[in-house]
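The data block below is structure_33.txt; it holds compact mmCIF, N, CA and C atoms.
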```
# COMPACT_ATOMS: atom_id res chain seq x y z
N MET M 1 25.93 18.67 11.91
CA MET M 1 25.32 17.59 11.18
C MET M 1 23.83 17.88 11.01
N HIS M 2 23.34 17.69 9.80
CA HIS M 2 21.93 17.95 9.49
C HIS M 2 21.13 16.66 9.60
N HIS M 3 20.05 16.71 10.36
CA HIS M 3 19.16 15.55 10.49
C HIS M 3 17.82 15.90 9.89
N ARG M 4 17.31 15.00 9.09
CA ARG M 4 15.99 15.20 8.49
C ARG M 4 14.98 14.44 9.33
N MET M 5 13.95 15.13 9.77
CA MET M 5 12.90 14.47 10.55
C MET M 5 12.01 13.66 9.61
N ILE M 6 11.62 12.50 10.06
CA ILE M 6 10.72 11.66 9.27
C ILE M 6 9.31 12.18 9.48
N PRO M 7 8.58 12.46 8.40
CA PRO M 7 7.22 13.01 8.51
C PRO M 7 6.28 12.08 9.28
N VAL M 8 5.34 12.67 9.99
CA VAL M 8 4.40 11.95 10.84
C VAL M 8 3.59 10.94 10.03
N ALA M 9 3.09 11.33 8.87
CA ALA M 9 2.27 10.42 8.06
C ALA M 9 3.09 9.22 7.59
N ARG M 10 4.35 9.43 7.35
CA ARG M 10 5.21 8.32 6.93
C ARG M 10 5.41 7.35 8.09
N ILE M 11 5.59 7.88 9.28
CA ILE M 11 5.71 7.02 10.46
C ILE M 11 4.41 6.25 10.67
N SER M 12 3.29 6.93 10.49
CA SER M 12 1.98 6.30 10.64
C SER M 12 1.81 5.16 9.63
N MET M 13 2.18 5.41 8.38
CA MET M 13 2.06 4.38 7.35
C MET M 13 2.98 3.21 7.65
N SER M 14 4.20 3.52 8.01
CA SER M 14 5.17 2.47 8.32
C SER M 14 4.69 1.63 9.51
N SER M 15 4.18 2.28 10.54
CA SER M 15 3.66 1.57 11.71
C SER M 15 2.48 0.70 11.33
N PHE M 16 1.58 1.25 10.52
CA PHE M 16 0.41 0.49 10.09
C PHE M 16 0.84 -0.76 9.31
N LEU M 17 1.77 -0.59 8.38
CA LEU M 17 2.24 -1.73 7.59
C LEU M 17 2.94 -2.76 8.47
N HIS M 18 3.70 -2.29 9.43
CA HIS M 18 4.40 -3.20 10.34
C HIS M 18 3.41 -3.96 11.22
N GLU M 19 2.48 -3.24 11.83
CA GLU M 19 1.51 -3.86 12.74
C GLU M 19 0.55 -4.81 12.02
N ASN M 20 0.27 -4.53 10.77
CA ASN M 20 -0.69 -5.32 10.00
C ASN M 20 -0.02 -6.12 8.88
N HIS M 21 1.27 -6.32 9.01
CA HIS M 21 2.04 -6.96 7.95
C HIS M 21 1.46 -8.31 7.56
N GLU M 22 1.22 -9.18 8.52
CA GLU M 22 0.71 -10.51 8.20
C GLU M 22 -0.67 -10.44 7.55
N ALA M 23 -1.56 -9.62 8.10
CA ALA M 23 -2.90 -9.49 7.53
C ALA M 23 -2.85 -8.90 6.12
N LEU M 24 -1.99 -7.91 5.90
CA LEU M 24 -1.86 -7.32 4.56
C LEU M 24 -1.26 -8.31 3.57
N CYS M 25 -0.28 -9.08 4.02
CA CYS M 25 0.30 -10.10 3.13
C CYS M 25 -0.74 -11.16 2.78
N ASN M 26 -1.53 -11.56 3.77
CA ASN M 26 -2.58 -12.54 3.50
C ASN M 26 -3.63 -11.98 2.54
N ALA M 27 -4.01 -10.73 2.74
CA ALA M 27 -4.98 -10.09 1.84
C ALA M 27 -4.41 -9.98 0.44
N ALA M 28 -3.15 -9.57 0.35
CA ALA M 28 -2.50 -9.44 -0.96
C ALA M 28 -2.41 -10.80 -1.66
N ALA M 29 -2.07 -11.84 -0.91
CA ALA M 29 -1.99 -13.18 -1.49
C ALA M 29 -3.36 -13.65 -1.97
N LEU M 30 -4.39 -13.37 -1.19
CA LEU M 30 -5.74 -13.76 -1.56
C LEU M 30 -6.21 -13.04 -2.82
N LEU M 31 -5.86 -11.75 -2.92
CA LEU M 31 -6.33 -10.93 -4.04
C LEU M 31 -5.37 -10.86 -5.22
N GLY M 32 -4.11 -11.28 -5.01
CA GLY M 32 -3.15 -11.14 -6.10
C GLY M 32 -2.09 -12.22 -6.17
N GLY M 33 -2.15 -13.21 -5.31
CA GLY M 33 -1.19 -14.31 -5.36
C GLY M 33 0.03 -14.09 -4.47
N GLY M 34 0.88 -15.10 -4.44
CA GLY M 34 2.07 -15.08 -3.58
C GLY M 34 3.02 -13.94 -3.87
N SER M 35 3.20 -13.59 -5.12
CA SER M 35 4.11 -12.48 -5.43
C SER M 35 3.57 -11.16 -4.90
N ALA M 36 2.26 -11.04 -4.80
CA ALA M 36 1.66 -9.82 -4.25
C ALA M 36 2.01 -9.69 -2.77
N ALA M 37 2.02 -10.79 -2.05
CA ALA M 37 2.40 -10.75 -0.64
C ALA M 37 3.85 -10.30 -0.49
N GLN M 38 4.72 -10.76 -1.38
CA GLN M 38 6.12 -10.34 -1.33
C GLN M 38 6.26 -8.85 -1.60
N ARG M 39 5.42 -8.32 -2.46
CA ARG M 39 5.47 -6.89 -2.78
C ARG M 39 5.09 -6.05 -1.57
N VAL M 40 4.18 -6.54 -0.73
CA VAL M 40 3.81 -5.83 0.50
C VAL M 40 5.05 -5.69 1.40
N SER M 41 5.80 -6.76 1.52
CA SER M 41 7.03 -6.71 2.33
C SER M 41 8.03 -5.70 1.77
N ALA M 42 8.11 -5.61 0.45
CA ALA M 42 9.02 -4.65 -0.17
C ALA M 42 8.60 -3.21 0.14
N ILE M 43 7.32 -2.98 0.22
CA ILE M 43 6.84 -1.63 0.56
C ILE M 43 7.26 -1.27 1.97
N LEU M 44 7.07 -2.19 2.90
CA LEU M 44 7.47 -1.94 4.29
C LEU M 44 8.95 -1.64 4.38
N HIS M 45 9.75 -2.40 3.67
CA HIS M 45 11.19 -2.18 3.66
C HIS M 45 11.53 -0.80 3.07
N GLY M 46 10.85 -0.42 2.00
CA GLY M 46 11.11 0.86 1.35
C GLY M 46 10.78 2.06 2.22
N LEU M 47 9.80 1.91 3.09
CA LEU M 47 9.43 3.02 3.98
C LEU M 47 10.38 3.19 5.14
N SER M 48 11.26 2.23 5.37
CA SER M 48 12.15 2.29 6.52
C SER M 48 13.28 3.31 6.34
N SER M 49 13.51 3.74 5.13
CA SER M 49 14.56 4.71 4.85
C SER M 49 14.05 6.14 5.06
N PRO M 50 14.86 7.01 5.68
CA PRO M 50 14.40 8.38 5.94
C PRO M 50 14.47 9.31 4.74
N VAL M 51 14.93 8.82 3.60
CA VAL M 51 15.02 9.67 2.40
C VAL M 51 13.63 9.89 1.82
N PRO M 52 13.45 10.93 1.00
CA PRO M 52 12.13 11.15 0.37
C PRO M 52 11.70 9.91 -0.41
N LEU M 53 10.41 9.72 -0.49
CA LEU M 53 9.88 8.56 -1.20
C LEU M 53 10.19 8.65 -2.69
N SER M 54 10.67 7.55 -3.24
CA SER M 54 11.00 7.51 -4.66
C SER M 54 9.73 7.29 -5.48
N ARG M 55 9.84 7.53 -6.78
CA ARG M 55 8.71 7.24 -7.67
C ARG M 55 8.35 5.76 -7.61
N GLN M 56 9.37 4.93 -7.54
CA GLN M 56 9.14 3.49 -7.49
C GLN M 56 8.33 3.11 -6.24
N LEU M 57 8.67 3.70 -5.10
CA LEU M 57 7.93 3.39 -3.88
C LEU M 57 6.51 3.93 -3.96
N TRP M 58 6.33 5.11 -4.55
CA TRP M 58 4.97 5.64 -4.74
C TRP M 58 4.15 4.69 -5.62
N ARG M 59 4.76 4.15 -6.65
CA ARG M 59 4.05 3.19 -7.51
C ARG M 59 3.66 1.94 -6.73
N LYS M 60 4.55 1.48 -5.86
CA LYS M 60 4.25 0.31 -5.03
C LYS M 60 3.10 0.61 -4.06
N LEU M 61 3.13 1.78 -3.47
CA LEU M 61 2.05 2.18 -2.56
C LEU M 61 0.72 2.24 -3.30
N GLN M 62 0.74 2.79 -4.53
CA GLN M 62 -0.48 2.87 -5.33
C GLN M 62 -0.92 1.49 -5.78
N TRP M 63 0.04 0.64 -6.12
CA TRP M 63 -0.30 -0.73 -6.51
C TRP M 63 -1.08 -1.44 -5.39
N LEU M 64 -0.60 -1.28 -4.14
CA LEU M 64 -1.30 -1.92 -3.02
C LEU M 64 -2.69 -1.34 -2.85
N SER M 65 -2.82 -0.05 -3.01
CA SER M 65 -4.14 0.57 -2.95
C SER M 65 -5.05 -0.01 -4.02
N ASP M 66 -4.55 -0.11 -5.24
CA ASP M 66 -5.34 -0.67 -6.34
C ASP M 66 -5.73 -2.12 -6.06
N LEU M 67 -4.82 -2.89 -5.50
CA LEU M 67 -5.11 -4.29 -5.20
C LEU M 67 -6.21 -4.38 -4.14
N LEU M 68 -6.05 -3.64 -3.06
CA LEU M 68 -7.02 -3.72 -1.96
C LEU M 68 -8.39 -3.18 -2.34
N THR M 69 -8.42 -2.19 -3.22
CA THR M 69 -9.70 -1.60 -3.62
C THR M 69 -10.28 -2.27 -4.87
N LEU M 70 -9.64 -3.33 -5.31
CA LEU M 70 -10.12 -4.12 -6.46
C LEU M 70 -10.19 -3.29 -7.75
N GLU M 71 -9.27 -2.37 -7.88
CA GLU M 71 -9.25 -1.46 -9.02
C GLU M 71 -9.18 -2.20 -10.36
N ASN M 72 -8.44 -3.29 -10.41
CA ASN M 72 -8.23 -4.00 -11.68
C ASN M 72 -8.98 -5.32 -11.78
N VAL M 73 -9.95 -5.51 -10.92
CA VAL M 73 -10.62 -6.80 -10.84
C VAL M 73 -11.41 -7.14 -12.11
N GLU M 74 -11.83 -6.15 -12.86
CA GLU M 74 -12.59 -6.41 -14.09
C GLU M 74 -11.71 -6.52 -15.33
N ASN M 75 -10.41 -6.36 -15.16
CA ASN M 75 -9.47 -6.51 -16.26
C ASN M 75 -9.04 -7.98 -16.28
N PHE M 76 -9.67 -8.76 -17.15
CA PHE M 76 -9.46 -10.20 -17.15
C PHE M 76 -8.09 -10.62 -17.66
N GLU M 77 -7.30 -9.67 -18.10
CA GLU M 77 -5.93 -9.97 -18.50
C GLU M 77 -4.98 -9.87 -17.31
N ARG M 78 -5.48 -9.42 -16.19
CA ARG M 78 -4.66 -9.30 -14.97
C ARG M 78 -5.00 -10.43 -14.02
N PRO M 79 -4.02 -10.89 -13.27
CA PRO M 79 -4.27 -12.03 -12.37
C PRO M 79 -5.29 -11.72 -11.26
N GLU M 80 -5.43 -10.45 -10.90
CA GLU M 80 -6.36 -10.09 -9.82
C GLU M 80 -7.78 -10.58 -10.10
N ALA M 81 -8.18 -10.55 -11.35
CA ALA M 81 -9.55 -10.97 -11.70
C ALA M 81 -9.78 -12.43 -11.30
N GLY M 82 -8.83 -13.28 -11.57
CA GLY M 82 -8.96 -14.69 -11.22
C GLY M 82 -8.93 -14.94 -9.73
N TYR M 83 -8.04 -14.23 -9.05
CA TYR M 83 -7.96 -14.40 -7.59
C TYR M 83 -9.24 -13.92 -6.92
N PHE M 84 -9.74 -12.78 -7.36
CA PHE M 84 -10.95 -12.24 -6.75
C PHE M 84 -12.14 -13.16 -7.00
N ALA M 85 -12.21 -13.76 -8.17
CA ALA M 85 -13.33 -14.65 -8.49
C ALA M 85 -13.39 -15.84 -7.54
N ALA M 86 -12.25 -16.21 -6.98
CA ALA M 86 -12.20 -17.36 -6.07
C ALA M 86 -12.59 -16.99 -4.63
N VAL M 87 -12.77 -15.71 -4.34
CA VAL M 87 -13.10 -15.28 -2.98
C VAL M 87 -14.61 -15.36 -2.76
N ASN M 88 -14.98 -16.00 -1.68
CA ASN M 88 -16.39 -16.07 -1.30
C ASN M 88 -16.75 -14.76 -0.60
N PRO M 89 -17.69 -13.98 -1.13
CA PRO M 89 -18.03 -12.69 -0.53
C PRO M 89 -18.55 -12.80 0.90
N ASN M 90 -18.99 -13.98 1.31
CA ASN M 90 -19.49 -14.18 2.67
C ASN M 90 -18.39 -14.60 3.64
N ASP M 91 -17.19 -14.79 3.14
CA ASP M 91 -16.07 -15.17 3.99
C ASP M 91 -15.75 -14.00 4.94
N PRO M 92 -15.58 -14.27 6.23
CA PRO M 92 -15.27 -13.18 7.19
C PRO M 92 -14.00 -12.41 6.85
N VAL M 93 -13.09 -13.01 6.08
CA VAL M 93 -11.86 -12.31 5.71
C VAL M 93 -12.16 -11.08 4.85
N VAL M 94 -13.29 -11.10 4.15
CA VAL M 94 -13.65 -9.96 3.29
C VAL M 94 -13.84 -8.71 4.14
N GLU M 95 -14.50 -8.85 5.27
CA GLU M 95 -14.70 -7.69 6.16
C GLU M 95 -13.36 -7.19 6.69
N GLU M 96 -12.46 -8.11 7.04
CA GLU M 96 -11.14 -7.71 7.53
C GLU M 96 -10.38 -6.95 6.44
N ILE M 97 -10.46 -7.43 5.21
CA ILE M 97 -9.79 -6.75 4.10
C ILE M 97 -10.37 -5.36 3.90
N CYS M 98 -11.67 -5.22 4.03
CA CYS M 98 -12.31 -3.91 3.89
C CYS M 98 -11.81 -2.94 4.96
N LEU M 99 -11.69 -3.42 6.19
CA LEU M 99 -11.18 -2.56 7.27
C LEU M 99 -9.73 -2.17 7.03
N LEU M 100 -8.91 -3.14 6.60
CA LEU M 100 -7.51 -2.84 6.28
C LEU M 100 -7.43 -1.83 5.14
N THR M 101 -8.29 -1.99 4.15
CA THR M 101 -8.30 -1.09 3.00
C THR M 101 -8.64 0.33 3.43
N ASP M 102 -9.64 0.48 4.28
CA ASP M 102 -10.02 1.81 4.76
C ASP M 102 -8.87 2.47 5.51
N GLU M 103 -8.22 1.71 6.40
CA GLU M 103 -7.10 2.26 7.17
C GLU M 103 -5.93 2.60 6.25
N TYR M 104 -5.63 1.71 5.32
CA TYR M 104 -4.53 1.95 4.40
C TYR M 104 -4.80 3.20 3.55
N THR M 105 -6.02 3.33 3.05
CA THR M 105 -6.39 4.48 2.22
C THR M 105 -6.24 5.78 3.00
N ASP M 106 -6.69 5.79 4.25
CA ASP M 106 -6.55 6.99 5.08
C ASP M 106 -5.08 7.37 5.26
N ARG M 107 -4.25 6.39 5.52
CA ARG M 107 -2.82 6.67 5.73
C ARG M 107 -2.14 7.08 4.41
N LEU M 108 -2.54 6.47 3.32
CA LEU M 108 -1.96 6.83 2.03
C LEU M 108 -2.34 8.27 1.67
N ASN M 109 -3.57 8.64 1.90
CA ASN M 109 -3.99 10.03 1.64
C ASN M 109 -3.23 11.02 2.51
N ALA M 110 -3.03 10.68 3.78
CA ALA M 110 -2.27 11.55 4.68
C ALA M 110 -0.82 11.65 4.23
N LEU M 111 -0.26 10.53 3.79
CA LEU M 111 1.12 10.52 3.31
C LEU M 111 1.26 11.37 2.05
N ARG M 112 0.32 11.27 1.15
CA ARG M 112 0.34 12.11 -0.06
C ARG M 112 0.30 13.59 0.31
N ALA M 113 -0.60 13.94 1.22
CA ALA M 113 -0.74 15.34 1.62
C ALA M 113 0.54 15.84 2.29
N GLU M 114 1.12 15.03 3.13
CA GLU M 114 2.33 15.43 3.83
C GLU M 114 3.52 15.53 2.88
N GLU M 115 3.66 14.57 2.00
CA GLU M 115 4.77 14.59 1.04
C GLU M 115 4.62 15.75 0.05
N ALA M 116 3.38 16.13 -0.25
CA ALA M 116 3.15 17.23 -1.18
C ALA M 116 3.73 18.54 -0.66
N THR M 117 3.84 18.66 0.63
CA THR M 117 4.39 19.90 1.20
C THR M 117 5.91 19.89 1.29
N SER M 118 6.52 18.68 1.08
CA SER M 118 7.97 18.63 1.24
C SER M 118 8.73 18.03 0.07
N ALA M 119 8.05 17.44 -0.90
CA ALA M 119 8.74 16.78 -2.01
C ALA M 119 8.47 17.51 -3.31
N PRO M 120 9.42 17.43 -4.25
CA PRO M 120 9.18 18.00 -5.58
C PRO M 120 7.96 17.33 -6.23
N PRO M 121 7.15 18.09 -6.96
CA PRO M 121 5.92 17.54 -7.54
C PRO M 121 6.12 16.33 -8.43
N HIS M 122 7.24 16.23 -9.14
CA HIS M 122 7.43 15.10 -10.05
C HIS M 122 7.55 13.77 -9.29
N LEU M 123 7.89 13.79 -8.01
CA LEU M 123 7.96 12.55 -7.24
C LEU M 123 6.60 12.06 -6.80
N LEU M 124 5.60 12.93 -6.84
CA LEU M 124 4.27 12.55 -6.37
C LEU M 124 3.41 12.00 -7.48
N ALA M 125 3.82 12.16 -8.71
CA ALA M 125 3.04 11.64 -9.82
C ALA M 125 3.14 10.12 -9.84
N ALA M 126 2.00 9.48 -9.76
CA ALA M 126 2.03 8.00 -9.71
C ALA M 126 1.69 7.43 -11.07
```
How does the structure come out when it is put into structure tokens?
Amino acid sequence: MHHRMIPVARISMSSFLHENHEALCNAAALLGGGSAAQRVSAILHGLSSPVPLSRQLWRKLQWLSDLLTLENVENFERPEAGYFAAVNPNDPVVEEICLLTDEYTDRLNALRAEEATSAPPHLLAA
């Protein structure tokens, strides 16, 4: 029987999402609404499978990165702009979101690097 080992960066990302699930859902809800919080849960669930990451899961991972880094905040046709406008920059939650974002970005970069060595290139295109 052939067993595929789960890559270290994937375990790290999954652990990070699990340990910070509530904080990430709260950050996602603050920056993108209730449906954004549900999408965070879907990402955690998607990482639980030992199969290679699908394009759909890569898009979800990138979506969370974009949300946390305020990538689309100036696009007034997207809901993120309205949610972000309601955030008080002096609120202590902003610092927590920044720390979560830094940790998430580090793990996402490690996951990309690790997957690049084991997955076909077309699966890494986001």
Can you list, as number ranges by chain, every protein, DNA or RNA residue that comes within 7 Å of range 91-105 of chain M when you count all atoms listed in the file, leaving out same-chain residues fewer than 3 positions away? M: 27, 65, 68-69, 87-88, 108-110
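A straight line drawn from CA of Leu31 in chain M to CA of Pro52 in chain M is 29.1 Å long.
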What's the separation between CA of Ala113 in chain M and CA of Asp66 in chain M, in Å to one decimal place? 18.5 Å
Report as lines of an AutoDock Vina configuration file the centre and the edge lengths, in Å to one decimal, of the axis-aligned box holding every listed atom of range 52-59 of chain M, padded by 3 Å on each side.
```
center_x = 8.6
center_y = 6.5
center_z = -3.3
size_x = 15.8
size_y = 15.2
size_z = 14.7
```
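Within the 5 Å cut-off around range 34-47 of chain M, using only N, CA and C atoms and omitting residues fewer than 5 positions from it on the same chain, the listed residues are Cys25, Ala28 and Ala29 of chain M.
Distances from M:Val8, M:Lys60, M:Arg107, M:Ser15 to Ser48 in chain M were compared using only C-alpha atoms, and the smallest one belongs to M:Ser15.
Put simply, atom N of Gly82 in chain M is 22.1 Å away from CA of Glu22 in chain M.
Counting only C-alpha atoms and comparing M:Ala85, M:Leu17, M:Glu115, M:Asp106, the residue that lies closest to Gly32 in chain M is M:Ala85.
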Identify, with DSSP run on backbone atoms, the residues in chain M assigned to helix (DSSP H, G or I), and express the list as a VMD selection string. chain M and resid 8 to 19 21 to 32 34 to 47 55 to 68 79 to 85 92 to 116 121 to 123
Glu80 in chain M: which residues within 8 Å, counting only N, CA and C atoms, same-chain residues fewer than 3 positions away excluded, as a ChimeraX atom specification? /M:30-33,67,70,72-77,83-86
